[in-house]
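For reference, work34.pdb is printed below; it contains PDB, C-alpha atoms.
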ATOM      1  CA  MET A 465     -18.446   0.344   3.678
ATOM      2  CA  ILE A 466     -18.815  -3.123   5.197
ATOM      3  CA  ARG A 467     -18.979  -3.601   8.976
ATOM      4  CA  GLN A 468     -18.508  -7.102  10.355
ATOM      5  CA  LYS A 469     -19.279  -8.105  13.942
ATOM      6  CA  SER A 470     -17.778 -11.580  14.043
ATOM      7  CA  PHE A 471     -19.519 -12.866  17.181
ATOM      8  CA  GLU A 472     -22.864 -11.118  16.947
ATOM      9  CA  LYS A 473     -24.879 -13.762  15.082
ATOM     10  CA  GLU A 474     -24.480 -17.224  13.655
ATOM     11  CA  THR A 475     -24.042 -17.172   9.900
ATOM     12  CA  PRO A 476     -22.021 -19.153   7.336
ATOM     13  CA  THR A 477     -18.431 -18.004   7.868
ATOM     14  CA  LEU A 478     -15.035 -18.391   6.241
ATOM     15  CA  TYR A 479     -12.370 -18.983   8.892
ATOM     16  CA  LEU A 480      -8.651 -18.448   8.206
ATOM     17  CA  VAL A 481      -6.926 -20.940  10.483
ATOM     18  CA  PRO A 482      -3.140 -20.950  11.019
ATOM     19  CA  THR A 483      -1.438 -24.313  11.472
ATOM     20  CA  PRO A 484       1.865 -25.148  13.231
ATOM     21  CA  ILE A 485       5.049 -24.140  11.403
ATOM     22  CA  GLY A 486       6.925 -27.093  12.867
ATOM     23  CA  ASN A 487       5.885 -27.866  16.426
ATOM     24  CA  LEU A 488       2.545 -29.674  16.510
ATOM     25  CA  GLN A 489       1.880 -28.494  20.078
ATOM     26  CA  GLU A 490       1.426 -24.914  18.848
ATOM     27  CA  MET A 491      -2.038 -25.663  17.506
ATOM     28  CA  THR A 492      -4.328 -23.495  19.659
ATOM     29  CA  PRO A 493      -7.496 -24.779  21.364
ATOM     30  CA  ARG A 494      -9.626 -22.284  19.441
ATOM     31  CA  ALA A 495      -8.131 -23.331  16.101
ATOM     32  CA  LEU A 496      -8.893 -26.968  16.927
ATOM     33  CA  ASP A 497     -12.457 -26.092  17.915
ATOM     34  CA  VAL A 498     -12.991 -24.272  14.616
ATOM     35  CA  LEU A 499     -11.605 -27.159  12.551
ATOM     36  CA  LYS A 500     -13.957 -29.528  14.370
ATOM     37  CA  ALA A 501     -16.993 -27.264  14.070
ATOM     38  CA  VAL A 502     -16.854 -26.201  10.409
ATOM     39  CA  ASP A 503     -18.483 -28.235   7.677
ATOM     40  CA  ILE A 504     -15.465 -28.391   5.365
ATOM     41  CA  ILE A 505     -11.742 -27.590   5.516
ATOM     42  CA  ALA A 506     -10.210 -26.109   2.354
ATOM     43  CA  ALA A 507      -6.554 -27.149   2.380
ATOM     44  CA  GLU A 508      -3.519 -26.157   0.340
ATOM     45  CA  ASP A 509      -2.392 -29.804   0.388
ATOM     46  CA  THR A 510      -4.995 -32.262   1.647
ATOM     47  CA  ARG A 511      -2.332 -34.914   2.335
ATOM     48  CA  ASN A 512      -0.440 -32.678   4.768
ATOM     49  CA  THR A 513      -3.615 -31.426   6.419
ATOM     50  CA  LYS A 514      -4.909 -34.982   6.818
ATOM     51  CA  LYS A 515      -1.869 -35.782   8.988
ATOM     52  CA  LEU A 516      -2.645 -32.793  11.215
ATOM     53  CA  LEU A 517      -6.300 -33.780  11.539
ATOM     54  CA  MET A 518      -5.394 -37.368  12.383
ATOM     55  CA  ALA A 519      -3.098 -36.161  15.178
ATOM     56  CA  TYR A 520      -6.059 -34.392  16.805
ATOM     57  CA  GLN A 521      -8.796 -36.910  15.890
ATOM     58  CA  ILE A 522     -10.594 -34.387  13.667
ATOM     59  CA  GLN A 523     -12.843 -35.927  11.022
ATOM     60  CA  THR A 524     -14.042 -32.828   9.172
ATOM     61  CA  PRO A 525     -14.149 -33.405   5.375
ATOM     62  CA  LEU A 526     -11.400 -31.862   3.251
ATOM     63  CA  MET A 527     -11.391 -30.148  -0.118
ATOM     64  CA  SER A 528      -8.445 -28.934  -2.182
ATOM     65  CA  HIS A 529      -7.886 -25.182  -2.484
ATOM     66  CA  HIS A 530      -4.553 -23.855  -3.767
ATOM     67  CA  GLU A 531      -2.944 -21.535  -6.289
ATOM     68  CA  HIS A 532      -3.462 -23.821  -9.272
ATOM     69  CA  ASN A 533      -7.134 -24.729  -8.780
ATOM     70  CA  GLN A 534      -8.572 -21.399  -7.566
ATOM     71  CA  ALA A 535     -10.730 -21.018 -10.657
ATOM     72  CA  GLU A 536     -12.681 -24.101  -9.538
ATOM     73  CA  SER A 537     -12.256 -24.001  -5.747
ATOM     74  CA  VAL A 538     -13.318 -20.375  -5.131
ATOM     75  CA  PRO A 539     -16.772 -20.774  -6.803
ATOM     76  CA  ARG A 540     -17.197 -24.084  -4.961
ATOM     77  CA  ILE A 541     -16.484 -22.417  -1.605
ATOM     78  CA  LEU A 542     -18.950 -19.630  -2.414
ATOM     79  CA  ASP A 543     -21.582 -22.251  -3.265
ATOM     80  CA  LEU A 544     -20.967 -24.018   0.057
ATOM     81  CA  LEU A 545     -21.360 -20.765   1.975
ATOM     82  CA  GLY A 546     -24.589 -20.180   0.064
ATOM     83  CA  GLU A 547     -25.780 -23.584   1.272
ATOM     84  CA  GLY A 548     -25.293 -22.418   4.864
ATOM     85  CA  LYS A 549     -21.996 -24.209   5.462
ATOM     86  CA  SER A 550     -18.982 -22.739   7.269
ATOM     87  CA  ILE A 551     -15.493 -23.360   5.921
ATOM     88  CA  ALA A 552     -11.985 -23.223   7.348
ATOM     89  CA  VAL A 553      -9.051 -22.392   5.088
ATOM     90  CA  VAL A 554      -5.603 -23.744   6.017
ATOM     91  CA  SER A 555      -2.180 -23.661   4.382
ATOM     92  CA  ASP A 556       0.569 -26.221   4.906
ATOM     93  CA  ALA A 557       2.087 -24.181   7.745
ATOM     94  CA  GLY A 558       1.413 -20.842   9.397
ATOM     95  CA  TYR A 559      -1.217 -18.345   8.306
ATOM     96  CA  PRO A 560      -3.216 -18.759   5.107
ATOM     97  CA  LEU A 561      -2.569 -15.871   2.666
ATOM     98  CA  ILE A 562       0.869 -14.999   4.141
ATOM     99  CA  SER A 563       3.195 -15.659   1.197
ATOM    100  CA  ASP A 564       0.475 -17.981  -0.091
ATOM    101  CA  PRO A 565      -2.352 -17.257  -2.548
ATOM    102  CA  GLY A 566      -5.831 -16.650  -1.201
ATOM    103  CA  GLN A 567      -6.569 -12.930  -1.517
ATOM    104  CA  TRP A 568      -9.016 -13.593  -4.352
ATOM    105  CA  LEU A 569     -11.044 -15.981  -2.196
ATOM    106  CA  VAL A 570     -11.262 -13.568   0.737
ATOM    107  CA  LYS A 571     -12.207 -10.658  -1.535
ATOM    108  CA  GLU A 572     -14.966 -12.701  -3.199
ATOM    109  CA  VAL A 573     -16.346 -13.991   0.105
ATOM    110  CA  ILE A 574     -16.493 -10.456   1.544
ATOM    111  CA  SER A 575     -18.156  -9.134  -1.616
ATOM    112  CA  LYS A 576     -20.919 -11.737  -1.200
ATOM    113  CA  GLY A 577     -21.608 -10.553   2.340
ATOM    114  CA  TYR A 578     -20.192 -13.478   4.304
ATOM    115  CA  PRO A 579     -17.970 -12.928   7.374
ATOM    116  CA  VAL A 580     -14.251 -13.702   7.167
ATOM    117  CA  VAL A 581     -12.707 -14.441  10.561
ATOM    118  CA  SER A 582      -8.990 -14.957  11.253
ATOM    119  CA  ILE A 583      -7.852 -17.204  14.103
ATOM    120  CA  SER A 584      -4.657 -16.485  16.072
ATOM    121  CA  GLY A 585      -1.751 -18.874  15.810
ATOM    122  CA  ALA A 586       1.802 -19.641  14.759
ATOM    123  CA  ASN A 587       3.598 -17.108  12.568
ATOM    124  CA  ALA A 588       7.230 -17.453  11.491
ATOM    125  CA  ALA A 589       7.727 -13.739  10.793
ATOM    126  CA  MET A 590       6.670 -12.644  14.290
ATOM    127  CA  ASN A 591       8.609 -15.469  15.970
ATOM    128  CA  ALA A 592      11.779 -14.368  14.225
ATOM    129  CA  LEU A 593      11.241 -10.632  14.656
ATOM    130  CA  VAL A 594      10.731 -10.550  18.417
ATOM    131  CA  ALA A 595      13.765 -12.766  19.059
ATOM    132  CA  SER A 596      16.038 -11.098  16.493
ATOM    133  CA  GLY A 597      17.448  -8.388  18.741
ATOM    134  CA  LEU A 598      16.546  -5.760  16.148
ATOM    135  CA  SER A 599      13.999  -2.975  16.486
ATOM    136  CA  THR A 600      10.384  -4.126  16.740
ATOM    137  CA  GLN A 601       8.915  -0.631  17.060
ATOM    138  CA  HIS A 602       8.456  -0.206  13.316
ATOM    139  CA  TYR A 603       8.860  -3.019  10.815
ATOM    140  CA  MET A 604       7.796  -4.119   7.342
ATOM    141  CA  PHE A 605       6.966  -7.657   6.248
ATOM    142  CA  PHE A 606       8.016  -8.202   2.631
ATOM    143  CA  GLY A 607       7.952 -11.982   2.293
ATOM    144  CA  PHE A 608       9.739 -13.685  -0.602
ATOM    145  CA  LEU A 609      11.965 -11.660  -2.911
ATOM    146  CA  GLU A 610      12.215 -12.425  -6.626
ATOM    147  CA  ALA A 611      14.241 -15.524  -7.515
ATOM    148  CA  LYS A 612      16.226 -13.777 -10.278
ATOM    149  CA  SER A 613      19.075 -11.609  -8.986
ATOM    150  CA  SER A 614      18.437  -8.618 -11.280
ATOM    151  CA  LYS A 615      14.767  -8.429 -10.231
ATOM    152  CA  ARG A 616      15.695  -9.037  -6.594
ATOM    153  CA  LYS A 617      18.177  -6.156  -6.603
ATOM    154  CA  LYS A 618      15.550  -3.887  -8.130
ATOM    155  CA  GLN A 619      13.197  -4.728  -5.252
ATOM    156  CA  LEU A 620      15.939  -4.123  -2.681
ATOM    157  CA  LEU A 621      16.870  -0.777  -4.238
ATOM    158  CA  GLU A 622      13.295   0.368  -3.635
ATOM    159  CA  MET A 623      13.732  -0.439   0.073
ATOM    160  CA  GLU A 624      17.338   0.586   0.723
ATOM    161  CA  HIS A 625      16.408   3.874   2.418
ATOM    162  CA  TYR A 626      13.603   2.462   4.607
ATOM    163  CA  PRO A 627      14.530   3.205   8.245
ATOM    164  CA  TYR A 628      12.587   0.312   9.761
ATOM    165  CA  THR A 629      13.305  -3.390  10.205
ATOM    166  CA  ILE A 630      12.447  -5.504   7.143
ATOM    167  CA  ILE A 631      11.323  -9.150   7.238
ATOM    168  CA  PHE A 632      11.998 -11.527   4.340
ATOM    169  CA  TYR A 633      11.281 -15.212   3.778
ATOM    170  CA  GLU A 634      13.824 -17.252   1.849
ATOM    171  CA  ALA A 635      14.422 -20.834   0.710
ATOM    172  CA  PRO A 636      17.753 -22.590   1.448
ATOM    173  CA  HIS A 637      18.781 -22.989  -2.203
ATOM    174  CA  ARG A 638      18.659 -19.186  -2.707
ATOM    175  CA  ILE A 639      19.956 -17.967   0.642
ATOM    176  CA  CYS A 640      23.570 -17.262  -0.411
ATOM    177  CA  ASP A 641      22.578 -15.348  -3.543
ATOM    178  CA  THR A 642      20.014 -13.329  -1.605
ATOM    179  CA  LEU A 643      22.502 -12.426   1.127
ATOM    180  CA  LYS A 644      25.039 -11.340  -1.516
ATOM    181  CA  ASP A 645      22.448  -9.045  -3.086
ATOM    182  CA  LEU A 646      21.468  -7.696   0.347
ATOM    183  CA  LEU A 647      25.107  -6.938   1.095
ATOM    184  CA  GLU A 648      25.588  -5.198  -2.253
ATOM    185  CA  VAL A 649      22.455  -3.051  -2.057
ATOM    186  CA  PHE A 650      21.982  -2.473   1.686
ATOM    187  CA  GLY A 651      25.601  -2.570   2.805
ATOM    188  CA  ASN A 652      26.815  -4.623   5.758
ATOM    189  CA  ARG A 653      23.849  -4.121   8.082
ATOM    190  CA  THR A 654      23.032  -6.060  11.226
ATOM    191  CA  MET A 655      20.621  -8.943  10.677
ATOM    192  CA  CYS A 656      19.234 -12.152  12.100
ATOM    193  CA  LEU A 657      18.636 -15.356  10.165
ATOM    194  CA  ALA A 658      16.101 -17.642  11.852
ATOM    195  CA  ARG A 659      15.596 -21.132  10.508
ATOM    196  CA  GLU A 660      13.651 -24.285  11.366
ATOM    197  CA  LEU A 661      11.530 -22.258  13.783
ATOM    198  CA  THR A 662       9.768 -24.271  16.536
ATOM    199  CA  LYS A 663      11.488 -27.477  15.328
ATOM    200  CA  VAL A 664      14.236 -29.438  17.066
ATOM    201  CA  HIS A 665      16.945 -27.801  14.898
ATOM    202  CA  GLU A 666      15.692 -24.236  15.446
ATOM    203  CA  GLU A 667      18.551 -21.740  15.110
ATOM    204  CA  TYR A 668      19.025 -17.973  15.266
ATOM    205  CA  ILE A 669      22.138 -16.559  13.592
ATOM    206  CA  ARG A 670      22.701 -12.930  14.586
ATOM    207  CA  GLY A 671      25.415 -10.688  13.158
ATOM    208  CA  SER A 672      26.279  -8.618  10.104
ATOM    209  CA  ILE A 673      25.109  -9.675   6.646
ATOM    210  CA  ALA A 674      28.712 -10.560   5.755
ATOM    211  CA  GLU A 675      29.094 -12.725   8.859
ATOM    212  CA  VAL A 676      25.865 -14.620   8.196
ATOM    213  CA  LEU A 677      26.896 -15.093   4.561
ATOM    214  CA  GLU A 678      30.046 -16.915   5.710
ATOM    215  CA  VAL A 679      27.987 -19.796   7.150
ATOM    216  CA  ALA A 680      24.937 -19.656   4.873
ATOM    217  CA  ASP A 681      26.001 -22.258   2.315
ATOM    218  CA  CYS A 682      25.536 -25.120   4.776
ATOM    219  CA  LEU A 683      22.157 -24.048   6.159
ATOM    220  CA  LYS A 684      18.950 -25.970   5.571
ATOM    221  CA  GLY A 685      15.259 -25.412   6.212
ATOM    222  CA  GLU A 686      12.859 -22.555   5.573
ATOM    223  CA  MET A 687      14.369 -19.246   6.664
ATOM    224  CA  VAL A 688      13.280 -15.856   7.937
ATOM    225  CA  LEU A 689      15.636 -12.895   7.458
ATOM    226  CA  ILE A 690      15.269  -9.930   9.801
ATOM    227  CA  VAL A 691      17.321  -7.033   8.428
ATOM    228  CA  GLU A 692      18.117  -3.732  10.118
ATOM    229  CA  GLY A 693      16.610  -0.619   8.548
ATOM    230  CA  ASN A 694      18.693   2.183   7.064
ATOM    231  CA  GLN A 695      20.253   4.024  10.014
ATOM    232  CA  LYS A 696      21.998   6.716   7.965
ATOM    233  CA  GLU A 697      20.672  10.223   8.398
ATOM    234  CA  GLU A 698      19.547  11.875   5.177
ATOM    235  CA  VAL A 699      22.069  14.548   4.183
ATOM    236  CA  GLU A 700      21.018  17.304   1.826
ATOM    237  CA  ILE A 701      23.391  17.352  -1.116
ATOM    238  CA  ASP A 702      24.325  20.559  -2.890
ATOM    239  CA  MET A 703      24.317  19.436  -6.535
ATOM    240  CA  GLU A 704      25.649  22.781  -7.774
ATOM    241  CA  GLU A 705      28.672  22.401  -5.542
ATOM    242  CA  ALA A 706      29.058  18.790  -6.678
ATOM    243  CA  CYS A 707      29.101  19.884 -10.329
ATOM    244  CA  GLU A 708      31.764  22.468  -9.558
ATOM    245  CA  ARG A 709      33.867  19.690  -7.988
ATOM    246  CA  VAL A 710      33.360  17.560 -11.150
ATOM    247  CA  ASP A 711      34.532  20.460 -13.334
ATOM    248  CA  CYS A 712      37.568  20.904 -11.115
ATOM    249  CA  LEU A 713      38.587  17.247 -11.543
ATOM    250  CA  ILE A 714      38.013  17.440 -15.310
ATOM    251  CA  ASN A 715      40.263  20.514 -15.498
ATOM    252  CA  GLU A 716      42.907  18.474 -13.702
ATOM    253  CA  GLY A 717      42.786  15.936 -16.519
ATOM    254  CA  MET A 718      40.189  13.409 -15.312
ATOM    255  CA  LYS A 719      37.614  11.990 -17.737
ATOM    256  CA  THR A 720      34.047  13.233 -17.169
ATOM    257  CA  LYS A 721      32.615   9.808 -16.245
ATOM    258  CA  GLN A 722      35.461   9.109 -13.832
ATOM    259  CA  ALA A 723      35.100  12.567 -12.260
ATOM    260  CA  ILE A 724      31.364  12.033 -11.679
ATOM    261  CA  THR A 725      32.022   8.610 -10.137
ATOM    262  CA  THR A 726      34.682  10.080  -7.843
ATOM    263  CA  VAL A 727      32.509  12.962  -6.665
ATOM    264  CA  SER A 728      29.449  10.770  -6.120
ATOM    265  CA  LYS A 729      31.509   8.598  -3.761
ATOM    266  CA  GLU A 730      32.924  11.650  -1.996
ATOM    267  CA  ILE A 731      29.550  13.224  -1.232
ATOM    268  CA  GLY A 732      27.483  10.041  -0.884
ATOM    269  CA  CYS A 733      24.991  10.497  -3.706
ATOM    270  CA  LYS A 734      23.961   8.139  -6.489
ATOM    271  CA  LYS A 735      26.239   8.285  -9.500
ATOM    272  CA  ASN A 736      23.317   8.275 -11.971
ATOM    273  CA  GLU A 737      21.647  11.216 -10.229
ATOM    274  CA  LEU A 738      24.813  13.311 -10.348
ATOM    275  CA  TYR A 739      25.451  12.243 -13.966
ATOM    276  CA  ASP A 740      21.954  13.332 -15.062
ATOM    277  CA  TYR A 741      22.115  16.614 -13.132
ATOM    278  CA  TYR A 742      25.594  17.470 -14.437
ATOM    279  CA  HIS A 743      24.710  16.933 -18.087
ATOM    280  CA  LYS A 744      21.403  18.814 -17.778
ATOM    281  CA  GLN A 745      23.392  21.767 -16.480
ATOM    282  CA  LYS A 746      25.701  21.557 -19.493
ATOM    283  CA  ASP A 747      22.947  21.278 -22.099
TER     284      ASP A 747
END
As a first step, turn the structure in this file into structure tokens.
Amino acid sequence: MIRQKSFEKETPTLYLVPTPIGNLQEMTPRALDVLKAVDIIAAEDTRNTKKLLMAYQIQTPLMSHHEHNQAESVPRILDLLGEGKSIAVVSDAGYPLISDPGQWLVKEVISKGYPVVSISGANAAMNALVASGLSTQHYMFFGFLEAKSSKRKKQLLEMEHYPYTIIFYEAPHRICDTLKDLLEVFGNRTMCLARELTKVHEEYIRGSIAEVLEVADCLKGEMVLIVEGNQKEEVEIDMEEACERVDCLINEGMKTKQAITTVSKEIGCKKNELYDYYHKQKD
């Protein structure tokens, strides 16, 4: 067990500092103080971070730390902490580690006994959720789905029965395909698409998945999808009775596969489950 008291004593520390997701004014005073006070800022893209630092007259040195150079940057950060230096980690926008790499760094820093402190700030998922009009009592942040449709559908199938609001991130070039897969797997649930959050073209599109899909092909900017959880009550299915209904349809002249498909739709169960159960009973 590791207990960390973040403000109890001064020690080399790794700070996770969120940056604005669009509106520069959403940089908090504490985040600015940390960026000024640390010895080095580890940035996902030093060019983007340099623009932010220039806007606030911050002259703290930068180093590169991203998905493709972690093998070199993580040991370097550990060495700097060992030298008594404190470091701030920033991504291009929003929180470091949220849909960005960085877990390895945090795990290694903790294992070496150094504090890891997160700073409050801008977060696209929370912005979108609280303004979506959907339930905020229980929710799940998923982030980016797979780019390939077959893998994406597999992920969605694992979540189709979750009763709580689900938050996804999506890029504009995949939004239509993702919404089509959501509609196919989840059905026509209520949702909210939030895009260009905190920027001048910020927009919330609230409605059914099908309605949002109608306008999605012309949308631009990074997007957050807030999707209603499964509101259907679980109904216990009598599989023995279902098999009897299948036999009845077969006796009336229907092919076995067609009969199973028909009954699965009638009682609201998965066709594959009824198929497997029926044939096990016949073996």
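Between CA of His665 (chain A) and CA of Glu634 (chain A) the interatomic distance comes to 17.1 Å.
The residue that comes closest to Leu499 (chain A), out of A:Leu620, A:Leu609, A:Ile522, A:Leu713 and on the basis of only C-alpha atoms, is A:Ile522.
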### Message
Applying the PyMOL selection byres ((chain A and resi 707) around 12) to the file I just gave you, which residues come out? Please list them as a count of residues only.
### Response
32
Box time for region 685-694 of chain A: axis-aligned, enclosing all its listed atoms, 3 Å extra on each side; report centre and edge lengths in Å to one decimal, as AutoDock Vina command-line options.
--center_x 15.8 --center_y -11.6 --center_z 7.8 --size_x 11.8 --size_y 33.6 --size_z 10.5
### Message
Restricting the calculation to only C-alpha atoms: of A:Leu544, A:Val580, A:Val554, A:Val538, which residue gets closest to Arg467 (chain A)?
### Response
A:Val580
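Going from CA of Trp568 (chain A) to CA of Leu621 (chain A) covers 28.9 Å.
Selection check: the PyMOL selection byres ((chain A and resi 474) around 12) on the shown file gives A:Lys469, A:Ser470, A:Phe471, A:Glu472, A:Lys473, A:Thr475, A:Pro476, A:Thr477, A:Gly548, A:Lys549, A:Ser550, A:Tyr578, A:Pro579.
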### Task
Fewer than 4 positions away in the same chain doesn't count, so skip those; otherwise give me all residues within 7 Å of Gly607 (chain A), counting only C-alpha atoms, as a PyMOL selection string.
chain A and resi 563+631-633
### Message
Can you spell out as JSON, numbers by chain the set of residues that the PyMOL selection byres ((chain A and resi 516-521) around 12) selects in the structure I just provided?
### Response
{"A": [482, 483, 484, 485, 486, 487, 488, 489, 490, 491, 492, 493, 495, 496, 497, 499, 500, 505, 507, 509, 510, 511, 512, 513, 514, 515, 522, 523, 524, 525, 526, 554, 555, 556, 557]}
### Query
Within 9 Å of region 637-654 of chain A, counting all atoms listed in the file, which residues qualify if same-chain residues fewer than 2 places away don't, as a ChimeraX atom specification?
/A:598,609,611,613,616-617,620-621,623-625,634-635,656,670-678,680-681,683-684,687,690-694
### Query
When distances are computed from only C-alpha atoms, which of A:His530, A:Tyr603, A:Glu547, A:Ala588 shows the smallest separation from Leu569 (chain A)?
A:His530
### Task
To one decimal in Å, tell me the separation between CA of Gln534 (chain A) and CA of Ile551 (chain A).
15.3 Å
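For the residues A:Ile630, A:Val553, A:Val573, A:Ile669, ranking by smallest atom-to-atom distance to Thr600 (chain A) using only C-alpha atoms places A:Ile630 first.
Between Asn591 (chain A) and the candidates A:Asp503, A:Lys696, A:Leu657, A:Gln722, the tightest atom-to-atom separation, counting all atoms listed in the file, involves A:Leu657.
Minimum atom-to-atom distance to Lys571 (chain A), evaluated using only C-alpha atoms, belongs to A:Leu542 out of A:Lys663, A:Tyr668, A:Asn587, A:Leu542.
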